[in-house]
Structure formats: structure tokens, C-alpha cells
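What follows is one structure encoded as C-alpha cells, with my remarks underneath.
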Amino acid sequence: MTGRVIARRTALGAIAGLAAVCRGGLQPERGRRAGVSPVSHVLVTGDLDSVKMATDVVDALGEGRDAELVVLELGVRRWRVDLVRTLCRGVHALGEKCAVYLPGGKPVGVGALNIGLCAGVCCAGAGVSVEHDRGDELGELVPLTVSEREQVERDLAGLLWMGLRRRGIAPEVSGVLARLDASVWGVDAGDRIVFSGEAPTAGGRALIEHRADGVVRAKLDESVLVRSGCVDMGGVSVAQVLLARTNGSPRPARARISSGLEGAKRDVDDALKEADRQVRGVELSLERLRRPIDDRAVSPAAFRTAGARALEVLERAEQILQQGEGVFEVYPELLRTPAPWGTSVGRTMDRNIADWRGAFLERRRRIERLRERAREYASR
């Protein structure tokens, strides 16, 4: 009797879980069978702000090509349009085997939604929302000319066109979603919300509002996302997505990727501070030889020893600077961010680049001046 009760409860739990999976209107396409289904789960957090981050995500997606399902979880609010294009290409290439998951709890950005629209399936957690406000589109970090950016936006609009048309959403709004240069309107049509790039004559509301002053704001809640068809499976967990989209028991291989841009900035700042400490030590030691604290003469041997030691320290300082400069090779967009010193008033992209470059140039000049003195001392 006890065994029957347990079996009945298990069956009811499975039915309840399946009902939750189907809340968004997408029925599971696969029949359950015994066996293991290899799954790749790539979790992305933080800002989508660096080429390295986007490359890492695409590489992780590629590693899941042999998996039965690839789930890309995007807890990303702020984004760059060129990197959104990169990820849209990545999920589009995987076709129906790729599901983009937008988690609930914290808002995600329009960039994350665009990536989801280019995937085979777009899923979302309970209470998901897509929002946009000033500063969410990281245009200042995009190292592109005007024509290059226009090409990126055209490419992205083309990918979105295919994704929207496949979902039965007005594909003409693809350009607006790519550029955020106009409003997107939603009109209630029974149990569905119809997107439009033009203000309706009656009813409707601006889901993405492009104001006269150029400010863009958006807030699409779970109901809007599901009813419009942007989200195929709403109110679900990643585990429920795996159960619904695989044939056997899911066996996920997980990868976690987050932005490293702020950490890179700290690494460069630390390198500059350590180089300063080393150089200052050399300056003090050489100055004590030139101006001893008493009238006793400093022997030539003391000069030679101090000069040789100073040259070694300066070599280490230069290596530290080279390591700091190497960070910019991995994160070239770091040059376009404000250096962690000085005031933020009047900051421009050109000023940021000049500040970073000037910091390294100034220290190299100090090192070279000290090296000349150290060599002279070492040769006495």
C-alpha cells in the first residue's frame, strides 16, 4: 500500500513539473526514454563588456556541439552591441539544440533578450523582466567606426529578423531591437500581444520607449514576454528546461563565465602601484649615496654595489609594467574606461586613453632616468 502511495505522489509531481514547463505554451518536443543525455549549461553573469568574455562564451558553446542540448543562461543587464552580435551568431549556428535561458529575480537587458530571440528556444525563469535605461548599452566601450557599427547593427537586425519571423513576431521590429532608435509598441489581441514598430491608432502601449531626447527606456515583464512570443517557455527553471528538451536523463557539464573587465582594471592599477614602489625605493637609495647624512665619503665600492642593485630593481619594475600593459592586449576595451585615479568630471574616451597611456609613459621615463644614474654608479 505504501509503495502505491509513493508511486502516485511521484507521478503527480512529474505531471505538475510538466505543467510548469508548458506554461509558456511550448510543448515538449521529445519523448522520454531511458538513458543519459549529455547537456552543456553555460552560465553568464555580469556585464557583457569585453571581447574576451564573448569569445569565452562562444568557445563554451562550441564545446557543447556534441551535447544533446546547450543551455546558455544569461543573467546580463548591460551589454555591447558588437558582442551581442557575436553571441547571436553563436546560438543561431547551434539551431534548435540551443536554448537561451533568462533567469528571474533580477532584470536582464535588451541585449540578452536579443540573444534569446536568435536561439532555437528562449526560456525564462519565474518573474523574469527585460529592462533598459541609461547606461545599459555600453556604446562607449565599442571600438568601432560609425560605418563599422552600422554594419554590426545590420548583421544583428538580420539575425533577429529570422528569429522573430520563426516565432510569429512582426520581423520589422528587428531593426529597432538591434539599434534601439525607435519605439516598439505592443497591442493586446486576446491572449497575445502583437509587436509593432508604429504607434497604433487605438490602444496599445510602448514596450520599448524611444523619447524625443534620445533616451530609451523599457520594461517587459514575464507576461509580456510570454504573450508576445518572445519567450517560448516561461516560469521554468533550468532543470525543467533540461527535462523538457532532452530524451534521457540530463547529465549537464557546466561552465560559468563572468566579466573580467573590472578585475583587469584592478590588475593594471596594482601593477602601476607596485612599479611606483620599486622605483621610489631606487630613487631613495641613489639619493642617499649622492647626499649622505654625514660628511663621510662614500666609497666607490658602495656606489658600485648600490648601482648594480638598483639596475636589478629597475629591471623588475619594467617587467611589472610590461605585465600591466599585457592586460590591455587581453582587454583592449580597458583603454576606453576611466583610469582609477583623478576626477570623473569632464571624462571623455580620448581622455581615458590618454590617461592610461600617459601613466605607463611617465613611469618608463622615470625608470630610464634612474637607469642612467645606476649605470654610472655601477661603473665607478
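Each chain in the C-alpha cells gets a letter, A, B, ..., in the order shown, and its residues are numbered from 1; ligands are numbered from 1 in order too.
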
Using DSSP secondary structure from the backbone, list all alpha helix (DSSP H) positions within segment 208-377 of chain A, as a PyMOL selection string. chain A and resi 222-227+238-245+261-290+300-330+349-377

As a check of understanding: the span from atom CA of Asp276 of chain A to atom CA of Glu362 of chain A is 10.6 Å

Shell around Glu372 of chain A at 12 Å using only C-alpha atoms, local window under 4 positions removed, as number ranges by chain: A: 286, 307-308, 310-311, 314, 365-368, 376-379

Ala170 of chain A: which residues within 12 Å, counting only C-alpha atoms, same-chain residues fewer than 3 positions away excluded, as a ChimeraX atom specification? /A:160-167,173-177,184-187,193-198,228-230

Report as a VMD selection string all protein, DNA and RNA residues lying within 12 Å of segment 48-51 of chain A, evaluated on only C-alpha atoms, omitting residues in the same chain fewer than 6 positions from it. chain A and resid 57 to 58 74 to 87 108 to 112 115 136 to 143 257 to 264 328 to 337

Output the selection as a compact mmCIF listing (two decimals), in the first residue's frame - N, CA and C atoms for each residue.
# COMPACT_ATOMS: atom_id res chain seq x y z
N VAL A 57 32.47 32.73 -24.14
CA VAL A 57 31.11 32.17 -24.24
C VAL A 57 30.97 31.37 -25.54
N VAL A 58 31.42 31.94 -26.65
CA VAL A 58 31.32 31.23 -27.93
C VAL A 58 32.12 29.93 -27.89
N LEU A 74 21.71 33.60 -19.36
CA LEU A 74 22.22 34.97 -19.48
C LEU A 74 21.66 35.87 -18.38
N GLY A 75 22.39 36.01 -17.30
CA GLY A 75 22.00 36.98 -16.28
C GLY A 75 22.71 38.29 -16.52
N VAL A 76 22.49 38.88 -17.68
CA VAL A 76 23.26 40.05 -18.15
C VAL A 76 22.33 41.24 -18.32
N ARG A 77 22.65 42.35 -17.67
CA ARG A 77 21.85 43.57 -17.80
C ARG A 77 22.49 44.54 -18.81
N ARG A 78 23.80 44.81 -18.66
CA ARG A 78 24.47 45.78 -19.53
C ARG A 78 25.24 45.03 -20.62
N TRP A 79 25.35 45.63 -21.81
CA TRP A 79 25.85 44.88 -22.96
C TRP A 79 26.40 45.83 -24.03
N ARG A 80 27.22 45.24 -24.90
CA ARG A 80 27.73 45.93 -26.09
C ARG A 80 27.10 45.30 -27.33
N VAL A 81 26.73 46.13 -28.27
CA VAL A 81 26.02 45.63 -29.45
C VAL A 81 26.90 44.70 -30.27
N ASP A 82 28.20 44.98 -30.36
CA ASP A 82 29.06 44.11 -31.16
C ASP A 82 29.19 42.72 -30.53
N LEU A 83 29.17 42.66 -29.20
CA LEU A 83 29.27 41.37 -28.52
C LEU A 83 27.94 40.61 -28.55
N VAL A 84 26.83 41.36 -28.53
CA VAL A 84 25.53 40.71 -28.71
C VAL A 84 25.47 40.04 -30.07
N ARG A 85 25.97 40.72 -31.10
CA ARG A 85 26.00 40.10 -32.42
C ARG A 85 26.83 38.81 -32.41
N THR A 86 27.96 38.85 -31.72
CA THR A 86 28.82 37.66 -31.65
C THR A 86 28.07 36.49 -31.02
N LEU A 87 27.38 36.74 -29.92
CA LEU A 87 26.66 35.65 -29.25
C LEU A 87 25.43 35.22 -30.04
N VAL A 108 17.14 41.50 -16.75
CA VAL A 108 18.19 41.34 -17.76
C VAL A 108 17.97 42.41 -18.82
N GLY A 109 18.96 42.60 -19.68
CA GLY A 109 18.90 43.68 -20.64
C GLY A 109 18.32 43.26 -21.99
N VAL A 110 18.08 44.26 -22.82
CA VAL A 110 17.58 44.01 -24.18
C VAL A 110 18.59 43.18 -24.97
N GLY A 111 19.87 43.36 -24.69
CA GLY A 111 20.88 42.56 -25.37
C GLY A 111 20.70 41.08 -25.10
N ALA A 112 20.41 40.71 -23.85
CA ALA A 112 20.17 39.30 -23.51
C ALA A 112 18.92 38.78 -24.22
N ILE A 115 19.67 37.98 -27.84
CA ILE A 115 20.36 36.69 -27.99
C ILE A 115 19.36 35.55 -27.88
N ASP A 136 22.82 51.23 -19.97
CA ASP A 136 22.76 49.78 -20.14
C ASP A 136 23.43 49.33 -21.44
N GLU A 137 23.37 50.17 -22.46
CA GLU A 137 24.06 49.86 -23.72
C GLU A 137 25.43 50.52 -23.65
N LEU A 138 26.48 49.70 -23.59
CA LEU A 138 27.83 50.18 -23.33
C LEU A 138 28.52 50.65 -24.61
N GLY A 139 27.92 51.64 -25.25
CA GLY A 139 28.44 52.11 -26.52
C GLY A 139 29.82 52.71 -26.43
N GLU A 140 30.18 53.27 -25.25
CA GLU A 140 31.49 53.90 -25.12
C GLU A 140 32.63 52.87 -25.15
N LEU A 141 32.31 51.60 -24.95
CA LEU A 141 33.35 50.56 -24.97
C LEU A 141 33.50 49.91 -26.33
N VAL A 142 32.68 50.30 -27.30
CA VAL A 142 32.71 49.67 -28.62
C VAL A 142 33.75 50.38 -29.48
N PRO A 143 34.87 49.71 -29.81
CA PRO A 143 35.94 50.37 -30.58
C PRO A 143 35.69 50.30 -32.08
N ILE A 257 30.89 31.80 -16.71
CA ILE A 257 31.68 32.86 -17.32
C ILE A 257 31.16 34.21 -16.84
N SER A 258 32.06 35.06 -16.41
CA SER A 258 31.66 36.39 -15.96
C SER A 258 32.64 37.43 -16.50
N SER A 259 32.25 38.67 -16.43
CA SER A 259 33.09 39.75 -16.93
C SER A 259 34.36 39.86 -16.10
N GLY A 260 35.47 40.06 -16.77
CA GLY A 260 36.74 40.26 -16.07
C GLY A 260 37.28 41.66 -16.23
N LEU A 261 36.48 42.57 -16.75
CA LEU A 261 36.99 43.90 -17.07
C LEU A 261 37.37 44.68 -15.81
N GLU A 262 36.52 44.65 -14.78
CA GLU A 262 36.84 45.37 -13.55
C GLU A 262 38.06 44.76 -12.88
N GLY A 263 38.15 43.42 -12.90
CA GLY A 263 39.33 42.79 -12.33
C GLY A 263 40.59 43.15 -13.09
N ALA A 264 40.47 43.28 -14.41
CA ALA A 264 41.61 43.68 -15.23
C ALA A 264 42.06 45.09 -14.87
N PHE A 328 46.10 44.95 -21.31
CA PHE A 328 45.38 45.67 -22.37
C PHE A 328 45.27 44.85 -23.65
N GLU A 329 46.20 43.92 -23.85
CA GLU A 329 46.11 43.05 -25.01
C GLU A 329 44.94 42.09 -24.89
N VAL A 330 44.67 41.65 -23.66
CA VAL A 330 43.54 40.74 -23.41
C VAL A 330 42.23 41.52 -23.34
N TYR A 331 42.30 42.72 -22.75
CA TYR A 331 41.11 43.57 -22.60
C TYR A 331 41.37 44.93 -23.25
N PRO A 332 41.36 45.01 -24.58
CA PRO A 332 41.66 46.29 -25.24
C PRO A 332 40.65 47.38 -24.90
N GLU A 333 39.41 46.99 -24.57
CA GLU A 333 38.40 48.00 -24.22
C GLU A 333 38.71 48.69 -22.89
N LEU A 334 39.65 48.15 -22.12
CA LEU A 334 40.03 48.77 -20.86
C LEU A 334 40.56 50.18 -21.06
N LEU A 335 41.23 50.40 -22.20
CA LEU A 335 41.75 51.74 -22.50
C LEU A 335 40.65 52.79 -22.55
N ARG A 336 39.43 52.36 -22.87
CA ARG A 336 38.33 53.31 -23.04
C ARG A 336 37.58 53.59 -21.74
N THR A 337 37.98 52.91 -20.66
CA THR A 337 37.34 53.13 -19.35
C THR A 337 38.14 54.16 -18.56

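With only C-alpha atoms as the atoms that count, the minimum distance from Asp213 of chain A to the choices A:Arg134, A:Arg179, A:Leu43, A:Arg65 is reached by A:Arg134.
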
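If you measure from each of A:Gly135, A:Glu148, A:Gly127, A:Leu225 to Ile169 of chain A using only C-alpha atoms, the closest one turns out to be A:Leu225.
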
Rank A:Ala157, A:Ile353, A:Val42, A:Val241 by their smallest atom-to-atom distance to Leu72 of chain A, using only C-alpha atoms, and report the top residue only. A:Val42

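If you measure from each of A:Ala124, A:Ala301, A:Ala253, A:Ala271 to Ser37 of chain A using only C-alpha atoms, the closest one turns out to be A:Ala253.
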